[in-house]
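Q: See entry.txt below, with compact mmCIF, C-alpha atoms.
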```
# COMPACT_ATOMS: atom_id res chain seq x y z
CA VAL A 1 -17.53 47.69 -11.88
CA ALA A 2 -15.42 48.32 -8.81
CA CYS A 3 -17.53 50.11 -6.22
CA GLU A 4 -16.20 51.31 -2.91
CA GLY A 5 -17.77 52.63 0.28
CA VAL A 6 -19.81 49.71 1.64
CA GLY A 7 -17.98 46.82 0.05
CA ARG A 8 -18.02 44.79 -3.15
CA ARG A 9 -21.18 42.91 -2.09
CA ASP A 10 -23.23 46.11 -2.37
CA ILE A 11 -23.17 45.85 -6.16
CA VAL A 12 -23.60 42.38 -7.62
CA LYS A 13 -24.13 40.81 -11.03
CA ARG A 14 -27.41 38.94 -11.58
CA PRO A 15 -28.59 36.72 -14.43
CA ARG A 16 -30.36 38.30 -17.37
CA ALA A 17 -34.05 37.60 -17.88
CA ALA A 18 -36.79 38.35 -20.39
CA MET A 19 -38.67 41.60 -19.91
CA PRO A 20 -42.46 42.05 -19.73
CA VAL A 21 -43.85 43.00 -23.15
CA THR A 22 -45.25 46.36 -22.04
CA LEU A 23 -41.96 47.50 -20.52
CA LEU A 24 -39.94 46.11 -23.38
CA GLU A 25 -42.08 48.11 -25.78
CA SER A 26 -41.52 51.18 -23.62
CA LEU A 27 -37.78 50.81 -24.05
CA ARG A 28 -37.98 49.99 -27.74
CA ALA A 29 -40.15 53.03 -28.36
CA ARG A 30 -37.26 55.22 -27.30
CA ARG A 31 -34.65 53.98 -29.73
CA HIS A 32 -34.14 53.85 -33.49
CA SER A 33 -34.15 50.58 -35.37
CA THR A 34 -30.36 50.89 -35.46
CA GLY A 35 -30.29 50.42 -31.70
CA ILE A 36 -29.60 54.04 -30.74
CA CYS A 37 -31.87 55.70 -28.18
CA SER A 38 -34.57 57.81 -29.74
CA ILE A 39 -34.48 61.48 -28.71
CA ALA A 40 -37.35 63.86 -29.38
CA PRO A 41 -36.72 66.32 -32.26
CA GLU A 42 -36.47 69.32 -29.93
CA GLU A 43 -33.93 67.45 -27.81
CA ARG A 44 -31.81 66.58 -30.85
CA LYS A 45 -31.29 70.31 -31.49
CA ARG A 46 -29.52 70.66 -28.16
CA PRO A 47 -25.91 69.48 -27.71
CA GLN A 48 -25.86 65.86 -26.58
CA ALA A 49 -22.80 66.05 -24.32
CA THR A 50 -21.29 62.71 -23.41
CA THR A 51 -18.94 63.08 -20.46
CA ARG A 52 -17.26 60.97 -17.82
CA GLN A 53 -19.12 61.39 -14.54
CA ARG A 54 -18.80 59.93 -11.09
CA VAL A 55 -21.61 57.52 -10.18
CA ARG A 56 -22.52 56.96 -6.54
CA LEU A 57 -25.29 55.28 -4.58
CA ALA A 58 -26.60 57.00 -1.45
CA ILE A 59 -28.20 54.59 1.05
CA THR A 60 -29.87 55.45 4.36
CA PRO A 61 -31.66 53.10 6.81
CA ILE A 62 -35.26 54.17 7.50
CA GLY A 63 -38.02 53.19 9.91
CA PRO A 64 -37.88 50.78 12.86
CA ALA A 65 -35.96 47.54 12.44
CA VAL A 66 -38.59 44.81 12.39
CA ALA A 67 -36.55 41.61 12.50
CA PRO A 68 -35.38 40.38 10.13
CA VAL A 69 -36.38 43.36 7.95
CA LEU A 70 -34.78 46.79 7.74
CA GLY A 71 -35.99 49.38 5.28
CA TYR A 72 -33.69 51.64 3.26
CA HIS A 73 -33.98 54.78 1.19
CA SER A 74 -31.59 54.93 -1.75
CA SER A 75 -30.82 57.27 -4.62
CA VAL A 76 -28.28 57.62 -7.41
CA LEU A 77 -25.88 60.53 -7.78
CA LEU A 78 -24.54 61.35 -11.22
CA GLY A 79 -21.86 63.90 -10.54
CA ARG A 80 -23.55 66.31 -8.12
CA THR A 81 -27.07 65.57 -9.37
CA GLU A 82 -29.21 63.22 -7.31
CA TYR A 83 -31.90 61.06 -8.94
CA THR A 84 -34.53 59.36 -6.83
CA PHE A 85 -38.08 58.08 -7.25
CA SER A 86 -41.27 59.00 -5.41
CA ASN A 87 -44.99 59.26 -6.11
CA VAL A 88 -44.34 62.33 -8.28
CA GLY A 89 -41.96 60.34 -10.49
CA VAL A 90 -38.21 60.78 -10.87
CA VAL A 91 -36.91 63.71 -8.83
CA GLN A 92 -33.63 65.57 -9.29
CA ALA A 93 -31.74 67.55 -6.67
CA ASP A 94 -28.36 69.16 -6.12
CA GLY A 95 -26.66 66.63 -3.87
CA PRO A 96 -28.33 63.91 -1.73
CA LEU A 97 -31.23 66.14 -0.69
CA SER A 98 -33.74 63.28 -0.33
CA HIS A 99 -31.67 61.89 2.56
CA SER A 100 -31.39 65.18 4.45
CA THR A 101 -34.51 64.68 6.57
CA LEU A 102 -33.60 61.14 7.62
CA SER A 103 -32.05 60.66 11.05
CA ALA A 104 -29.74 57.74 10.27
CA GLU A 105 -26.32 58.09 8.69
CA THR A 106 -26.17 57.99 4.90
CA ARG A 107 -23.63 55.67 3.30
CA PHE A 108 -22.19 56.29 -0.14
CA VAL A 109 -21.13 53.57 -2.57
CA ASP A 110 -18.65 54.81 -5.17
CA CYS A 111 -19.27 53.11 -8.52
CA GLY A 112 -16.46 54.87 -10.32
CA ARG A 113 -16.50 57.28 -13.23
CA GLN A 114 -18.66 56.25 -16.17
CA VAL A 115 -19.04 57.64 -19.69
CA VAL A 116 -22.59 59.01 -19.62
CA ASN A 117 -24.91 61.01 -21.86
CA THR A 118 -27.18 62.54 -19.22
CA GLN A 119 -30.04 63.40 -21.57
CA THR A 120 -30.12 59.89 -22.99
CA PHE A 121 -29.96 58.35 -19.52
CA GLU A 122 -32.99 60.42 -18.52
CA ALA A 123 -34.85 59.59 -21.75
CA VAL A 124 -34.50 55.87 -21.01
CA ILE A 125 -35.13 55.79 -17.25
CA TYR A 126 -37.88 58.42 -16.78
CA PRO A 127 -40.69 56.66 -18.70
CA LEU A 128 -40.20 53.51 -16.63
CA PHE A 129 -40.81 55.42 -13.38
CA ALA A 130 -43.80 57.57 -14.22
CA PRO A 131 -45.63 59.76 -11.68
CA GLY A 132 -48.30 57.92 -9.70
CA THR A 133 -46.72 54.45 -10.09
CA TYR A 134 -44.79 54.46 -6.80
CA ASP A 135 -45.50 51.61 -4.38
CA LEU A 136 -43.76 51.31 -1.01
CA LEU A 137 -43.08 47.60 -1.52
CA ARG A 138 -43.27 46.77 -5.19
CA LYS A 139 -41.92 49.84 -7.02
CA ASN A 140 -39.98 52.21 -4.83
CA CYS A 141 -36.79 54.27 -4.56
CA ASN A 142 -34.62 51.17 -4.13
CA GLY A 143 -35.99 49.57 -7.28
CA PHE A 144 -35.29 52.82 -9.10
CA ALA A 145 -31.71 52.98 -7.79
CA ASP A 146 -31.24 49.32 -8.77
CA CYS A 147 -32.40 49.98 -12.35
CA ALA A 148 -30.56 53.29 -12.71
CA VAL A 149 -27.22 51.93 -11.53
CA CYS A 150 -27.68 48.91 -13.78
CA LEU A 151 -28.17 51.19 -16.77
CA LEU A 152 -25.19 53.34 -15.77
CA THR A 153 -22.73 50.62 -14.75
CA GLY A 154 -24.14 47.23 -15.76
CA SER A 155 -24.27 46.11 -12.10
CA ARG A 156 -27.04 45.70 -9.52
CA LEU A 157 -27.89 46.87 -6.02
CA ASP A 158 -27.32 44.23 -3.36
CA LYS A 159 -30.53 42.53 -2.24
CA ARG A 160 -29.85 43.33 1.42
CA TYR A 161 -30.96 46.89 0.64
CA MET A 162 -34.20 45.58 -0.86
CA GLN A 163 -35.55 43.52 2.04
CA MET A 164 -38.81 45.45 2.06
CA GLU A 165 -39.31 44.75 -1.63
CA ALA A 166 -39.08 41.03 -0.95
CA LEU A 167 -42.14 41.41 1.25
CA GLY A 168 -44.06 42.78 -1.71
CA ARG A 169 -44.53 39.23 -2.95
CA TRP A 170 -46.24 38.29 0.28
CA ALA A 171 -47.79 41.65 1.23
CA ASP A 172 -50.94 40.11 2.63
CA GLU A 173 -49.11 37.59 4.79
CA TYR A 174 -46.75 40.21 6.23
CA LEU A 175 -49.19 43.11 6.26
CA SER A 176 -48.73 43.73 10.00
CA VAL A 177 -44.96 44.10 9.53
CA VAL A 178 -45.45 46.42 6.58
CA GLN A 179 -47.92 48.54 8.52
CA ARG A 180 -45.44 48.95 11.37
CA LEU A 181 -42.68 50.06 8.99
CA SER A 182 -44.96 52.46 7.13
CA GLY A 183 -46.73 53.85 10.20
CA GLY A 184 -49.97 52.25 9.01
CA ARG A 185 -49.98 54.21 5.74
CA TYR A 186 -49.29 51.41 3.25
CA SER A 187 -51.82 50.28 0.69
CA PRO A 188 -50.91 48.56 -2.61
CA ASN A 189 -50.82 50.78 -5.69
CA PRO A 190 -52.65 49.04 -8.58
CA LYS A 191 -50.52 51.05 -11.05
CA SER A 192 -47.50 49.01 -9.96
CA ASN A 193 -49.18 45.68 -10.72
CA GLY A 194 -46.97 43.51 -12.90
CA TRP A 195 -43.79 45.43 -12.11
CA ASP A 196 -40.75 43.16 -11.78
CA VAL A 197 -37.54 44.99 -10.93
CA ASP A 198 -35.31 42.03 -11.82
CA LEU A 199 -36.73 41.76 -15.33
CA VAL A 200 -36.57 45.50 -15.96
CA ALA A 201 -33.03 45.89 -14.60
CA SER A 202 -31.85 42.94 -16.66
CA GLU A 203 -33.21 44.54 -19.84
CA LEU A 204 -31.63 47.87 -18.91
CA GLY A 205 -28.29 46.15 -18.41
CA VAL A 206 -28.54 44.80 -21.95
CA ALA A 207 -29.77 48.18 -23.23
CA ARG A 208 -26.66 49.86 -21.81
CA GLN A 209 -24.58 48.32 -24.57
CA ARG A 210 -27.19 47.35 -27.17
CA LEU A 211 -28.69 50.83 -27.45
CA ARG A 212 -25.32 52.55 -27.27
CA CYS A 213 -26.97 55.09 -24.99
CA LEU A 214 -24.11 54.98 -22.52
CA PRO A 215 -21.01 54.27 -24.59
CA GLU A 216 -18.13 52.26 -23.27
CA GLU A 217 -14.62 53.69 -23.16
```
When written as structure tokens, how does the structure in this file appear?
A:
Amino acid sequence: VACEGVGRRDIVKRPRAAMPVTLLESLRARRHSTGICSIAPEERKRPQATTRQRVRLAITPIGPAVAPVLGYHSSVLLGRTEYTFSNVGVVQADGPLSHSTLSAETRFVDCGRQVVNTQTFEAVIYPLFAPGTYDLLRKNCNGFADCAVCLLTGSRLDKRYMQMEALGRWADEYLSVVQRLSGGRYSPNPKSNGWDVDLVASELGVARQRLRCLPEE
């Protein structure tokens, strides 16, 4: 995928990996045995429009720069619709609304126009980012953007935008740094225990083609 706006390094390919059983079952529960995403009966009655839409990443620096760590807020735009993740789950907005209250400049990474079935995209991604599972370090907006763009394009968000997430593996050791970046409000969310963004994104990258949710040209 050729992405423009911040440079080719912003979106990178990463090796595939096995997915945790619980998350794998979550994905499998939403597709038929034929490999096509499962849609609820009431959703099947509505037209399942598959269209070519522009995919972009919106990325904004947040918080004080605590060397060598800088936090970011990111979201995915599918056409004009923004998708981001917070404690209430996946949130939609008209345009990059979640960045509007941030003081730093927002950068946009153009990931090109992809063939997308919006309803199927939502049916796959929403259950993985349920309300109440948000964690500032381990399962946040950047992890969501990473997984969403992987499902939409087959590529990954550059790790430089996920520096805070790297601290999640050593939260206790770097707790003072985390507290400074979060204004002293961070505490681990037990509902995010076991979450591994690399494993989930890898499975979603495979699902992009295997489930035929997001057909190729």
Q: Taking all atoms listed in the file into account, which of A:Ala58, A:Asn189, A:Leu70, A:Ala148 comes nearest Ser98 in chain A?
A: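 Ranked by minimum distance to Ser98 in chain A, first place goes to A:Ala58.
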Q: If we count only C-alpha atoms, what is near Tyr126 in chain A at a cut-off of 12 Å, once residues fewer than 2 positions away on the same chain are taken out, given as number ranges by chain?
A: A: 26-27, 30, 83-86, 88-92, 118-124, 128-131, 133, 144, 147-148
Q: Counting all atoms listed in the file, figure out which residue out of A:Leu78, A:Ala207, A:Ile59, A:Leu157 gets nearest to Val115 in chain A.
A: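 Ranked by minimum distance to Val115 in chain A, first place goes to A:Leu78.
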Q: Ranking A:Leu57, A:Ile62, A:Ala93, A:Val200 by minimum distance to Lys139 in chain A and counting only C-alpha atoms, which one comes first?
A: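 Going through A:Leu57, A:Ile62, A:Ala93, A:Val200 one by one, the smallest distance to Lys139 in chain A is for A:Val200.
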Q: CA of Ala104 in chain A and CA of Pro61 in chain A are how many Å apart?
A: 6.1 Å
Q: Using all atoms listed in the file, which of A:Thr81, A:Met162, A:Ser75, A:Gln53 sits nearest Thr106 in chain A?
A: A:Ser75
Q: Which one is closest to Leu136 in chain A: A:Ser192, A:Gln114, A:Thr101, A:Ser155? Count all atoms listed in the file.
A: A:Ser192
Q: What does the distance between CA of Leu151 in chain A and CA of Leu102 in chain A come to in Å, to one decimal place?
A: 26.9 Å
Q: Just the residues within 9 Å of Val149 in chain A, please, counting all atoms listed in the file, with nothing from its chain fewer than 3 positions along; format it as a PyMOL selection string.
A: chain A and resi 55-57+76+111+144-146+152-157+201
Q: Generate a file of the selected residues that holds C-alpha atoms, formatted as a CSV table (one decimal), keeping the file's coordinate frame.
A:
```
chain,number,residue,atom,x,y,z
A,55,VAL,CA,-21.6,57.5,-10.2
A,56,ARG,CA,-22.5,57.0,-6.5
A,57,LEU,CA,-25.3,55.3,-4.6
A,76,VAL,CA,-28.3,57.6,-7.4
A,111,CYS,CA,-19.3,53.1,-8.5
A,144,PHE,CA,-35.3,52.8,-9.1
A,145,ALA,CA,-31.7,53.0,-7.8
A,146,ASP,CA,-31.2,49.3,-8.8
A,152,LEU,CA,-25.2,53.3,-15.8
A,153,THR,CA,-22.7,50.6,-14.8
A,154,GLY,CA,-24.1,47.2,-15.8
A,155,SER,CA,-24.3,46.1,-12.1
A,156,ARG,CA,-27.0,45.7,-9.5
A,157,LEU,CA,-27.9,46.9,-6.0
A,201,ALA,CA,-33.0,45.9,-14.6
```
Q: Please measure the separation of CA of Ser187 in chain A and CA of Cys141 in chain A, giving the value in Å to one decimal.
A: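 For CA of Ser187 in chain A relative to CA of Cys141 in chain A, the distance reads 16.4 Å.
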